[in-house]
>>> print(open('work.txt').read())   # compact mmCIF, C-alpha atoms and all ligand atoms
# COMPACT_ATOMS: atom_id res chain seq x y z
CA MET A 1 0.00 0.00 0.00
CA LYS A 2 1.50 3.31 -1.09
CA VAL A 3 0.38 6.50 0.64
CA VAL A 4 1.30 10.09 -0.21
CA ILE A 5 0.81 12.65 2.55
CA ALA A 6 0.88 16.19 1.17
CA GLY A 7 1.86 18.34 4.15
CA GLY A 8 3.42 15.48 6.11
CA THR A 9 6.37 17.20 7.76
CA SER A 10 4.45 18.60 10.73
CA GLY A 11 1.40 18.22 12.94
CA ILE A 12 -1.47 16.07 11.66
CA GLY A 13 0.33 14.93 8.48
CA LEU A 14 3.42 13.92 10.44
CA ALA A 15 1.39 11.94 13.00
CA THR A 16 -0.44 10.21 10.13
CA ALA A 17 2.87 9.29 8.48
CA ALA A 18 4.13 7.82 11.76
CA LEU A 19 0.95 5.77 12.26
CA LEU A 20 0.75 4.43 8.69
CA ALA A 21 4.48 3.62 8.57
CA LYS A 22 3.96 1.49 11.70
CA GLU A 23 1.25 -0.37 9.78
CA ASP A 24 3.76 -1.19 7.02
CA ALA A 25 2.49 1.28 4.40
CA GLY A 26 4.98 2.78 1.96
CA VAL A 27 4.69 6.43 2.92
CA THR A 28 5.96 9.53 1.10
CA ILE A 29 5.57 12.93 2.73
CA THR A 30 5.78 16.42 1.26
CA GLY A 31 6.31 19.92 2.64
CA ARG A 32 8.10 23.02 1.42
CA ASN A 33 10.68 23.71 4.10
CA PRO A 34 13.85 21.52 3.79
CA GLN A 35 14.72 21.84 7.51
CA LYS A 36 11.26 20.66 8.51
CA MET A 37 11.57 17.81 6.01
CA GLU A 38 14.93 16.76 7.44
CA ALA A 39 13.60 16.84 11.02
CA ALA A 40 10.47 14.89 10.05
CA LEU A 41 12.38 12.17 8.21
CA ALA A 42 14.77 11.86 11.17
CA ALA A 43 11.78 11.31 13.49
CA LEU A 44 9.98 8.81 11.22
CA PRO A 45 10.90 5.17 10.45
CA ALA A 46 13.68 4.85 7.86
CA ASN A 47 11.32 3.50 5.16
CA VAL A 48 9.36 6.78 4.97
CA LYS A 49 10.37 8.91 2.00
CA GLY A 50 10.08 12.66 1.60
CA GLN A 51 10.31 15.33 -1.04
CA CYS A 52 10.04 19.10 -0.84
CA VAL A 53 7.16 20.08 -3.14
CA ASN A 54 5.05 23.22 -3.08
CA GLY A 55 1.41 22.24 -3.39
CA ALA A 56 0.64 25.77 -4.57
CA ASP A 57 2.90 25.32 -7.61
CA ALA A 58 1.01 23.49 -10.37
CA SER A 59 3.99 22.25 -12.36
CA GLU A 60 5.90 21.09 -9.25
CA ILE A 61 2.98 19.11 -7.90
CA LYS A 62 2.17 17.57 -11.31
CA ALA A 63 5.74 16.36 -11.80
CA PHE A 64 5.86 15.01 -8.25
CA MET A 65 2.61 13.05 -8.59
CA ALA A 66 3.65 11.57 -11.94
CA ALA A 67 6.81 10.27 -10.28
CA GLN A 68 4.78 8.66 -7.44
CA SER A 69 2.53 6.58 -9.72
CA PRO A 70 0.70 4.41 -8.72
CA VAL A 71 -0.66 5.92 -5.48
CA ASP A 72 -3.16 3.96 -3.38
CA HIS A 73 -4.04 6.62 -0.85
CA LEU A 74 -3.59 10.39 -0.75
CA VAL A 75 -3.90 12.54 2.36
CA ILE A 76 -3.92 16.32 1.84
CA ALA A 77 -3.07 18.32 4.97
CA LEU A 78 -1.87 21.54 3.31
CA SER A 79 -2.84 24.90 4.72
CA GLY A 80 -1.78 28.38 5.67
CA ALA A 81 -3.25 30.34 8.54
CA LYS A 82 -4.66 33.40 6.80
CA GLY A 83 -8.28 34.51 6.56
CA GLY A 84 -9.21 34.65 10.26
CA GLY A 85 -10.54 37.70 12.11
CA LEU A 86 -13.73 39.66 12.71
CA PHE A 87 -15.44 40.37 9.41
CA LYS A 88 -15.74 44.13 9.94
CA GLU A 89 -11.93 44.35 10.06
CA LEU A 90 -11.11 41.43 7.78
CA ASP A 91 -8.71 42.38 5.02
CA LEU A 92 -10.19 40.58 2.04
CA ALA A 93 -6.72 40.30 0.52
CA GLN A 94 -5.84 38.12 3.55
CA LEU A 95 -8.92 36.00 2.90
CA GLN A 96 -7.84 35.64 -0.71
CA ALA A 97 -4.41 34.59 0.55
CA GLY A 98 -6.10 32.05 2.81
CA PHE A 99 -7.82 30.51 -0.22
CA ALA A 100 -4.50 30.60 -2.10
CA GLU A 101 -2.75 28.76 0.79
CA LYS A 102 -5.31 26.04 1.46
CA PHE A 103 -8.31 25.78 -0.89
CA PHE A 104 -6.42 25.91 -4.18
CA PRO A 105 -3.31 23.92 -3.14
CA GLN A 106 -5.56 21.11 -1.83
CA LEU A 107 -7.55 21.00 -5.08
CA GLN A 108 -4.44 21.32 -7.22
CA THR A 109 -2.80 18.44 -5.36
CA LEU A 110 -5.91 16.30 -5.79
CA GLN A 111 -6.21 17.09 -9.50
CA ALA A 112 -2.51 16.38 -10.10
CA ALA A 113 -2.81 13.01 -8.35
CA LEU A 114 -5.96 11.77 -10.09
CA PRO A 115 -4.30 10.19 -13.16
CA TYR A 116 -2.07 8.13 -10.88
CA MET A 117 -4.53 7.05 -8.18
CA ALA A 118 -5.50 3.39 -7.85
CA ALA A 119 -9.19 3.03 -8.72
CA ASN A 120 -9.87 1.33 -5.37
CA GLY A 121 -7.83 3.91 -3.45
CA SER A 122 -8.83 6.90 -1.36
CA VAL A 123 -8.28 10.60 -0.88
CA THR A 124 -8.64 12.32 2.49
CA LEU A 125 -8.72 16.11 2.71
CA ILE A 126 -8.07 17.80 6.03
CA THR A 127 -10.54 20.67 6.40
CA SER A 128 -11.58 22.31 9.69
CA VAL A 129 -14.58 22.35 11.96
CA SER A 130 -14.40 26.15 11.76
CA ALA A 131 -16.69 25.50 8.78
CA ARG A 132 -19.41 24.71 11.34
CA THR A 133 -18.56 26.32 14.71
CA HIS A 134 -20.06 29.72 13.79
CA ALA A 135 -17.55 31.38 16.14
CA PRO A 136 -17.05 35.13 15.73
CA GLY A 137 -13.79 35.78 13.90
CA THR A 138 -13.93 32.57 11.86
CA SER A 139 -16.22 33.47 8.95
CA GLY A 140 -13.26 33.58 6.52
CA LEU A 141 -11.82 30.27 7.75
CA ALA A 142 -15.34 28.81 7.57
CA ALA A 143 -15.55 29.90 3.93
CA ILE A 144 -12.24 28.26 2.96
CA ASN A 145 -12.91 24.99 4.76
CA GLY A 146 -16.64 24.94 4.05
CA ALA A 147 -15.93 25.33 0.34
CA LEU A 148 -13.70 22.25 0.41
CA GLU A 149 -16.22 20.29 2.47
CA LEU A 150 -19.06 21.15 0.07
CA MET A 151 -17.10 19.66 -2.80
CA VAL A 152 -16.44 16.29 -1.15
CA PRO A 153 -19.78 14.48 -1.71
CA THR A 154 -19.95 15.58 -5.35
CA LEU A 155 -16.34 14.55 -5.96
CA ALA A 156 -17.08 11.15 -4.42
CA LYS A 157 -19.77 10.62 -7.08
CA GLU A 158 -17.71 12.07 -9.95
CA LEU A 159 -14.53 10.20 -9.13
CA ARG A 160 -16.05 6.83 -8.19
CA PRO A 161 -14.90 4.21 -7.41
CA LEU A 162 -12.05 6.27 -5.92
CA ARG A 163 -13.22 7.19 -2.43
CA ILE A 164 -12.96 10.76 -1.22
CA ASN A 165 -13.59 11.99 2.32
CA ALA A 166 -12.59 14.86 4.60
CA VAL A 167 -11.57 14.89 8.23
CA SER A 168 -12.66 18.11 9.90
CA PRO A 169 -10.56 18.69 13.03
CA GLY A 170 -11.31 20.90 16.00
CA VAL A 171 -8.45 22.62 17.82
CA ILE A 172 -5.35 20.42 17.66
CA ASP A 173 -2.01 21.10 19.36
CA THR A 174 0.28 21.40 16.32
CA PRO A 175 2.82 23.93 15.03
CA TRP A 176 -0.04 25.51 13.04
CA TRP A 177 -0.61 27.60 16.18
CA ASN A 178 2.98 28.84 16.39
CA PHE A 179 1.95 32.21 14.97
CA LEU A 180 0.73 32.99 18.52
CA PRO A 181 3.22 33.80 21.32
CA GLU A 182 3.49 30.86 23.76
CA ASP A 183 1.47 32.42 26.61
CA THR A 184 -1.36 33.51 24.27
CA ARG A 185 -1.31 30.06 22.66
CA ASN A 186 -1.55 28.32 26.04
CA ALA A 187 -4.42 30.59 27.09
CA THR A 188 -6.21 29.93 23.77
CA PHE A 189 -5.77 26.17 24.15
CA ALA A 190 -7.11 26.36 27.72
CA GLN A 191 -10.21 28.26 26.52
CA TYR A 192 -10.91 25.72 23.77
CA ALA A 193 -10.35 22.82 26.18
CA GLN A 194 -12.92 24.36 28.51
CA ALA A 195 -15.38 24.89 25.63
CA ALA A 196 -15.11 21.33 24.28
CA PRO A 197 -17.35 18.73 25.95
CA VAL A 198 -14.39 16.31 26.19
CA GLY A 199 -12.51 18.90 28.28
CA ARG A 200 -9.32 19.00 26.22
CA ILE A 201 -7.98 20.08 22.88
CA GLY A 202 -6.87 17.44 20.37
CA LYS A 203 -3.56 15.77 19.64
CA PRO A 204 -2.41 15.15 16.06
CA GLU A 205 -2.72 11.42 16.82
CA ASP A 206 -6.49 11.86 17.41
CA ILE A 207 -6.84 12.94 13.78
CA ALA A 208 -4.30 10.47 12.38
CA ALA A 209 -6.30 7.55 13.80
CA VAL A 210 -9.41 8.64 11.89
CA ILE A 211 -7.47 9.21 8.66
CA ALA A 212 -6.10 5.66 8.96
CA GLN A 213 -9.67 4.34 9.40
CA LEU A 214 -10.86 6.20 6.31
CA ILE A 215 -8.02 4.65 4.34
CA GLN A 216 -8.85 1.18 5.57
CA ASN A 217 -12.65 1.20 5.48
CA THR A 218 -13.64 0.71 1.84
CA PHE A 219 -17.33 1.40 2.56
CA ILE A 220 -16.95 5.10 3.41
CA THR A 221 -16.98 7.82 0.76
CA GLY A 222 -18.26 11.37 0.35
CA GLN A 223 -18.20 11.99 4.11
CA ILE A 224 -16.98 14.80 6.34
CA ILE A 225 -15.84 13.24 9.59
CA THR A 226 -15.75 15.77 12.43
CA VAL A 227 -13.10 15.07 15.07
CA ASP A 228 -13.34 18.02 17.43
CA GLY A 229 -14.03 16.79 20.97
CA GLY A 230 -17.55 18.14 20.56
CA LEU A 231 -16.47 21.76 19.99
CA ALA A 232 -19.01 22.36 17.24
CA LEU A 233 -21.99 21.03 19.19
N1 LIG B 1 -4.07 22.46 14.20
C1 LIG B 1 -5.35 22.76 14.27
O1 LIG B 1 -5.87 23.20 15.30
C2 LIG B 1 -6.20 22.55 13.04
C3 LIG B 1 -7.59 22.71 13.20
C4 LIG B 1 -8.42 22.53 12.13
C5 LIG B 1 -7.89 22.20 10.88
N2 LIG B 1 -6.54 22.05 10.75
C6 LIG B 1 -6.06 21.71 9.42
O2 LIG B 1 -5.28 20.53 9.47
C7 LIG B 1 -4.34 20.52 8.40
C8 LIG B 1 -2.96 20.21 8.98
O3 LIG B 1 -2.66 21.24 9.90
P1 LIG B 1 -1.59 21.09 11.07
O4 LIG B 1 -2.21 21.65 12.27
O5 LIG B 1 -1.01 19.73 11.08
O6 LIG B 1 -0.55 22.19 10.53
P2 LIG B 1 1.03 22.21 10.46
O7 LIG B 1 1.64 21.54 11.66
O8 LIG B 1 1.37 23.63 10.18
O9 LIG B 1 1.38 21.30 9.18
C9 LIG B 1 1.09 21.74 7.88
C10 LIG B 1 1.91 20.90 6.91
O10 LIG B 1 1.59 21.28 5.57
C11 LIG B 1 2.79 21.66 4.88
N3 LIG B 1 2.40 22.65 3.89
C12 LIG B 1 1.65 23.77 4.05
N4 LIG B 1 1.47 24.40 2.88
C13 LIG B 1 2.12 23.66 1.94
C14 LIG B 1 2.28 23.78 0.53
N5 LIG B 1 1.79 24.81 -0.16
N6 LIG B 1 2.97 22.81 -0.11
C15 LIG B 1 3.51 21.77 0.57
N7 LIG B 1 3.38 21.60 1.91
C16 LIG B 1 2.69 22.55 2.57
C17 LIG B 1 3.72 22.16 5.99
O11 LIG B 1 5.09 22.12 5.65
P3 LIG B 1 5.86 23.44 5.08
O12 LIG B 1 5.48 24.57 5.98
O13 LIG B 1 7.30 23.08 5.12
O14 LIG B 1 5.36 23.62 3.69
C18 LIG B 1 3.41 21.10 7.05
O15 LIG B 1 4.05 19.88 6.74
C19 LIG B 1 -4.43 21.91 7.76
O16 LIG B 1 -5.22 21.84 6.61
C20 LIG B 1 -5.12 22.76 8.83
O17 LIG B 1 -5.86 23.84 8.27
C21 LIG B 1 -5.69 22.21 11.80
>>> encode(input="work.txt", output="C-alpha cells")
Amino acid sequence: MKVVIAGGTSGIGLATAALLAKEDAGVTITGRNPQKMEAALAALPANVKGQCVNGADASEIKAFMAAQSPVDHLVIALSGAKGGGLFKELDLAQLQAGFAEKFFPQLQTLQAALPYMAANGSVTLITSVSARTHAPGTSGLAAINGALELMVPTLAKELRPLRINAVSPGVIDTPWWNFLPEDTRNATFAQYAQAAPVGRIGKPEDIAAVIAQLIQNTFITGQIITVDGGLAL
C-alpha cells in the first residue's frame, strides 16, 4: 500500500505518516521547508520517503505526482493560517491569501494526483470544523474549509470508485498555532479545552487515527468526519 501525505512534515500529516508507517504502508511525505523535512524524516521510520514540493505550484505538484505513480491513498493536509478575524476588520486580501494557501493547493494536489490514483484507493482532505462552529472571527476560515467540504460528496460521485472523504478537526495542538506567542497560545488552548465537551484540545494522533480508518474502510466515501471533541456542538 502506497500513501502520499501532502503536508506530512508537521502536525497532523506527520502523525499520520508515523501511524501508517507502523502499519507497514509505503509512505511519502511532502512539505516546502527543507529543515522541517529533514527533522520529520529523522523522526519517522527509515522506510518513509520525503520530497520538498510546493502544493501551490502546479507544475511542481504535477511532476511530483507523476513520479509517485501508482498511489493507493492520498492525504492532503496543506494549509496556511490566513483569513481569520472579525469580518468588519477582515482584510479581504488576507482571505484571498487564505484561499490561495489552502483551498487551491488542496484541489491542485488532488487534480494532479488523479491520473495516478489506484481506482480502489482513497483521498482524504483535512478541512476544519471552523466551517461549522459559527464562532465570531472565523467566517473567513469557515468559507475556505466549508468550500472544500461542500465539494467532497460531489467529488465522491464524480470520481467513483475512488473514495474521497474529509476529516474536519477541531483545535489540535500542532505547530499551526505557532503564529501565537506561547502564553497567548496556552491561554487559547485552555479556553478551547474548557469549551469542548471532552474537556481537552486534540492531539495530532487523534486525527491520524481517523485518517487511517478512512483509508482502511472501503465502505466510506463522500463523508466529512468531524473530530473536534464536541467543539461544534
Ligand atoms: N491544528 C489545528 O488546530 C487545526 C484545526 C483545524 C484544521 N486544521 C487543518 O489541518 C491541516 C494540517 O494542519 P496542522 O495543524 O497539522 O498544521 P502544520 O503543523 O502547520 O502542518 C502543515 C503541513 O503542511 C505543509 N504545507 C503547508 N502548505 C504547503 C504547501 N503549499 N505545499 C507543501 N506543503 C505545505 C507544511 O510544511 P511546510 O510549511 O514546510 O510547507 C506542514 O508539513 C491543515 O489543513 C489545517 O488547516 C488544523
>>> closest_atom_pairs(input="work.txt", of="chain A", to="ligand LIG 1 (chain B)", cutoff="8 Å", atoms="only C-alpha atoms and all ligand atoms", output="Markdown table")
| residue | atom | partner | partner_atom | distance |
| --- | --- | --- | --- | --- |
| A:Ala6 | CA | B:LIG1 | N7 | 6.0 |
| A:Gly7 | CA | B:LIG1 | O10 | 3.3 |
| A:Gly8 | CA | B:LIG1 | O15 | 4.5 |
| A:Thr9 | CA | B:LIG1 | O15 | 3.7 |
| A:Ser10 | CA | B:LIG1 | O7 | 4.2 |
| A:Gly11 | CA | B:LIG1 | O5 | 3.4 |
| A:Ile12 | CA | B:LIG1 | O5 | 3.7 |
| A:Gly13 | CA | B:LIG1 | O5 | 5.6 |
| A:Leu14 | CA | B:LIG1 | O15 | 7.0 |
| A:Thr30 | CA | B:LIG1 | N7 | 5.7 |
| A:Gly31 | CA | B:LIG1 | N7 | 3.5 |
| A:Arg32 | CA | B:LIG1 | O14 | 3.6 |
| A:Asn33 | CA | B:LIG1 | O13 | 3.6 |
| A:Pro34 | CA | B:LIG1 | O13 | 6.9 |
| A:Gln35 | CA | B:LIG1 | O13 | 7.9 |
| A:Lys36 | CA | B:LIG1 | O13 | 5.7 |
| A:Met37 | CA | B:LIG1 | O13 | 6.8 |
| A:Cys52 | CA | B:LIG1 | C15 | 7.2 |
| A:Val53 | CA | B:LIG1 | C15 | 5.5 |
| A:Asn54 | CA | B:LIG1 | N6 | 3.6 |
| A:Gly55 | CA | B:LIG1 | N6 | 3.7 |
| A:Ala56 | CA | B:LIG1 | N5 | 4.7 |
| A:Asp57 | CA | B:LIG1 | N5 | 7.5 |
| A:Ile76 | CA | B:LIG1 | O16 | 7.4 |
| A:Ala77 | CA | B:LIG1 | C7 | 4.3 |
| A:Leu78 | CA | B:LIG1 | O10 | 4.1 |
| A:Ser79 | CA | B:LIG1 | O16 | 4.3 |
| A:Gly80 | CA | B:LIG1 | N4 | 5.8 |
| A:Ala81 | CA | B:LIG1 | O17 | 7.0 |
| A:Glu101 | CA | B:LIG1 | N5 | 6.1 |
| A:Lys102 | CA | B:LIG1 | O16 | 6.6 |
| A:Pro105 | CA | B:LIG1 | N5 | 6.0 |
| A:Leu125 | CA | B:LIG1 | O16 | 7.8 |
| A:Ile126 | CA | B:LIG1 | O16 | 5.0 |
| A:Thr127 | CA | B:LIG1 | C5 | 5.4 |
| A:Ser128 | CA | B:LIG1 | C5 | 3.9 |
| A:Val129 | CA | B:LIG1 | C4 | 6.2 |
| A:Ser130 | CA | B:LIG1 | C4 | 7.0 |
| A:Asn145 | CA | B:LIG1 | O17 | 8.0 |
| A:Ser168 | CA | B:LIG1 | C5 | 6.4 |
| A:Pro169 | CA | B:LIG1 | C4 | 4.5 |
| A:Gly170 | CA | B:LIG1 | C3 | 5.0 |
| A:Val171 | CA | B:LIG1 | O1 | 3.7 |
| A:Ile172 | CA | B:LIG1 | O1 | 3.7 |
| A:Asp173 | CA | B:LIG1 | N1 | 5.7 |
| A:Thr174 | CA | B:LIG1 | O4 | 4.8 |
| A:Pro175 | CA | B:LIG1 | O7 | 4.3 |
| A:Trp176 | CA | B:LIG1 | O8 | 3.7 |
| A:Trp177 | CA | B:LIG1 | N1 | 6.5 |
| A:Gly202 | CA | B:LIG1 | O1 | 7.7 |
| A:Pro204 | CA | B:LIG1 | O5 | 6.9 |
>>> residues_near_point(input="work.txt", point="(-17.8, 6.5, -5.2)", cutoff="12 Å", atoms="only C-alpha atoms", output="PyMOL selection string")
chain A and resi 119-123+152-165+218-223
>>> closest_residue(input="work.txt", among="A:Ala39, A:Ala58, A:Ala143, A:Ala46", to="A:Gln108", atoms="only C-alpha atoms")
A:Ala58
>>> residues_around(input="work.txt", residues="A:Ser69", least_positions_apart="4", cutoff="10 Å", atoms="all atoms listed in the file", output="VMD selection string")
chain A and resid 2 64 to 65 113 to 118
>>> atom_distance(input="work.txt", atom1="atom CA of A:Asn47", atom2="atom CA of A:Ile5")
14.2 Å
>>> closest_residue(input="work.txt", among="A:Leu180, A:Ala196, A:Ala40, A:Val3", to="A:Leu20", atoms="all atoms listed in the file")
A:Val3
>>> closest_residue(input="work.txt", among="A:Leu86, A:Val27, A:Leu107, A:Leu150", to="A:Gly137", atoms="only C-alpha atoms")
A:Leu86
>>> closest_residue(input="work.txt", among="A:Gln194, A:Gln51, A:Ser59, A:Thr16", to="A:Gly229", atoms="only C-alpha atoms")
A:Gln194
>>> atom_distance(input="work.txt", atom1="atom CA of A:Ala212", atom2="atom CA of A:Phe104")
24.1 Å
>>> closest_residue(input="work.txt", among="A:Gln68, A:Ala42, A:Ala112, A:Ala142", to="A:Leu95", atoms="all atoms listed in the file")
A:Ala142
>>> closest_residue(input="work.txt", among="A:Thr138, A:Gly146, A:Glu38, A:Thr109", to="A:Glu60", atoms="only C-alpha atoms")
A:Thr109
>>> atom_distance(input="work.txt", atom1="atom CA of A:Gly98", atom2="atom CA of A:Gly83")
5.0 Å
>>> decode(input="work.txt", residues="stretch 32-66 of chain A", atoms="N, CA and C atoms", output="mmCIF file, in the first residue's frame")
data_model
loop_
_atom_site.group_PDB
_atom_site.id
_atom_site.type_symbol
_atom_site.label_atom_id
_atom_site.label_comp_id
_atom_site.auth_asym_id
_atom_site.auth_seq_id
_atom_site.Cartn_x
_atom_site.Cartn_y
_atom_site.Cartn_z
ATOM 1 N N ARG A 32 7.258 22.116 2.204
ATOM 2 C CA ARG A 32 8.101 23.021 1.420
ATOM 3 C C ARG A 32 9.463 23.257 2.057
ATOM 4 N N ASN A 33 9.485 23.270 3.379
ATOM 5 C CA ASN A 33 10.684 23.706 4.103
ATOM 6 C C ASN A 33 11.672 22.533 4.282
ATOM 7 N N PRO A 34 12.895 22.638 3.721
ATOM 8 C CA PRO A 34 13.849 21.522 3.787
ATOM 9 C C PRO A 34 14.262 21.155 5.217
ATOM 10 N N GLN A 35 14.348 22.157 6.121
ATOM 11 C CA GLN A 35 14.723 21.837 7.514
ATOM 12 C C GLN A 35 13.618 21.020 8.193
ATOM 13 N N LYS A 36 12.365 21.424 7.926
ATOM 14 C CA LYS A 36 11.257 20.662 8.514
ATOM 15 C C LYS A 36 11.229 19.247 7.948
ATOM 16 N N MET A 37 11.539 19.134 6.644
ATOM 17 C CA MET A 37 11.567 17.807 6.007
ATOM 18 C C MET A 37 12.644 16.935 6.655
ATOM 19 N N GLU A 38 13.819 17.517 6.862
ATOM 20 C CA GLU A 38 14.929 16.755 7.443
ATOM 21 C C GLU A 38 14.561 16.277 8.855
ATOM 22 N N ALA A 39 13.973 17.190 9.643
ATOM 23 C CA ALA A 39 13.597 16.838 11.022
ATOM 24 C C ALA A 39 12.517 15.753 11.020
ATOM 25 N N ALA A 40 11.558 15.878 10.095
ATOM 26 C CA ALA A 40 10.466 14.893 10.046
ATOM 27 C C ALA A 40 11.008 13.513 9.671
ATOM 28 N N LEU A 41 11.854 13.470 8.657
ATOM 29 C CA LEU A 41 12.378 12.167 8.209
ATOM 30 C C LEU A 41 13.246 11.535 9.298
ATOM 31 N N ALA A 42 13.935 12.384 10.072
ATOM 32 C CA ALA A 42 14.767 11.861 11.167
ATOM 33 C C ALA A 42 13.882 11.245 12.261
ATOM 34 N N ALA A 43 12.670 11.795 12.427
ATOM 35 C CA ALA A 43 11.785 11.310 13.491
ATOM 36 C C ALA A 43 10.954 10.102 13.052
ATOM 37 N N LEU A 44 10.850 9.883 11.746
ATOM 38 C CA LEU A 44 9.984 8.814 11.218
ATOM 39 C C LEU A 44 10.813 7.560 10.937
ATOM 40 N N PRO A 45 10.168 6.391 10.814
ATOM 41 C CA PRO A 45 10.904 5.174 10.450
ATOM 42 C C PRO A 45 11.668 5.360 9.135
ATOM 43 N N ALA A 46 12.761 4.627 8.985
ATOM 44 C CA ALA A 46 13.682 4.846 7.858
ATOM 45 C C ALA A 46 13.033 4.592 6.499
ATOM 46 N N ASN A 47 11.942 3.798 6.468
ATOM 47 C CA ASN A 47 11.323 3.498 5.165
ATOM 48 C C ASN A 47 10.412 4.617 4.656
ATOM 49 N N VAL A 48 10.187 5.658 5.448
ATOM 50 C CA VAL A 48 9.365 6.784 4.974
ATOM 51 C C VAL A 48 10.228 7.680 4.091
ATOM 52 N N LYS A 49 9.643 8.030 2.921
ATOM 53 C CA LYS A 49 10.370 8.909 1.995
ATOM 54 C C LYS A 49 9.801 10.322 2.078
ATOM 55 N N GLY A 50 10.570 11.286 1.579
ATOM 56 C CA GLY A 50 10.078 12.656 1.603
ATOM 57 C C GLY A 50 10.629 13.460 0.455
ATOM 58 N N GLN A 51 9.828 14.433 0.012
ATOM 59 C CA GLN A 51 10.309 15.329 -1.041
ATOM 60 C C GLN A 51 9.713 16.719 -0.810
ATOM 61 N N CYS A 52 10.543 17.745 -0.956
ATOM 62 C CA CYS A 52 10.037 19.105 -0.844
ATOM 63 C C CYS A 52 9.299 19.474 -2.131
ATOM 64 N N VAL A 53 8.013 19.725 -1.999
ATOM 65 C CA VAL A 53 7.160 20.075 -3.138
ATOM 66 C C VAL A 53 6.187 21.143 -2.656
ATOM 67 N N ASN A 54 6.028 22.194 -3.436
ATOM 68 C CA ASN A 54 5.053 23.221 -3.077
ATOM 69 C C ASN A 54 3.709 22.893 -3.725
ATOM 70 N N GLY A 55 2.737 22.583 -2.887
ATOM 71 C CA GLY A 55 1.406 22.238 -3.391
ATOM 72 C C GLY A 55 0.710 23.395 -4.081
ATOM 73 N N ALA A 56 1.233 24.608 -3.899
ATOM 74 C CA ALA A 56 0.640 25.768 -4.572
ATOM 75 C C ALA A 56 1.250 25.982 -5.951
ATOM 76 N N ASP A 57 2.233 25.164 -6.312
ATOM 77 C CA ASP A 57 2.902 25.320 -7.611
ATOM 78 C C ASP A 57 2.467 24.177 -8.536
ATOM 79 N N ALA A 58 1.656 24.525 -9.538
ATOM 80 C CA ALA A 58 1.012 23.490 -10.366
ATOM 81 C C ALA A 58 2.020 22.576 -11.039
ATOM 82 N N SER A 59 3.084 23.135 -11.607
ATOM 83 C CA SER A 59 3.990 22.253 -12.359
ATOM 84 C C SER A 59 4.794 21.371 -11.418
ATOM 85 N N GLU A 60 5.164 21.917 -10.236
ATOM 86 C CA GLU A 60 5.900 21.088 -9.252
ATOM 87 C C GLU A 60 5.058 19.904 -8.792
ATOM 88 N N ILE A 61 3.803 20.183 -8.472
ATOM 89 C CA ILE A 61 2.976 19.113 -7.899
ATOM 90 C C ILE A 61 2.625 18.072 -8.974
ATOM 91 N N LYS A 62 2.457 18.533 -10.221
ATOM 92 C CA LYS A 62 2.167 17.573 -11.310
ATOM 93 C C LYS A 62 3.346 16.638 -11.526
ATOM 94 N N ALA A 63 4.550 17.191 -11.576
ATOM 95 C CA ALA A 63 5.744 16.365 -11.800
ATOM 96 C C ALA A 63 5.945 15.392 -10.640
ATOM 97 N N PHE A 64 5.704 15.873 -9.427
ATOM 98 C CA PHE A 64 5.864 15.014 -8.246
ATOM 99 C C PHE A 64 4.890 13.836 -8.299
ATOM 100 N N MET A 65 3.628 14.118 -8.592
ATOM 101 C CA MET A 65 2.614 13.054 -8.594
ATOM 102 C C MET A 65 2.904 12.029 -9.690
ATOM 103 N N ALA A 66 3.335 12.511 -10.845
ATOM 104 C CA ALA A 66 3.654 11.567 -11.944
ATOM 105 C C ALA A 66 4.751 10.607 -11.500
#
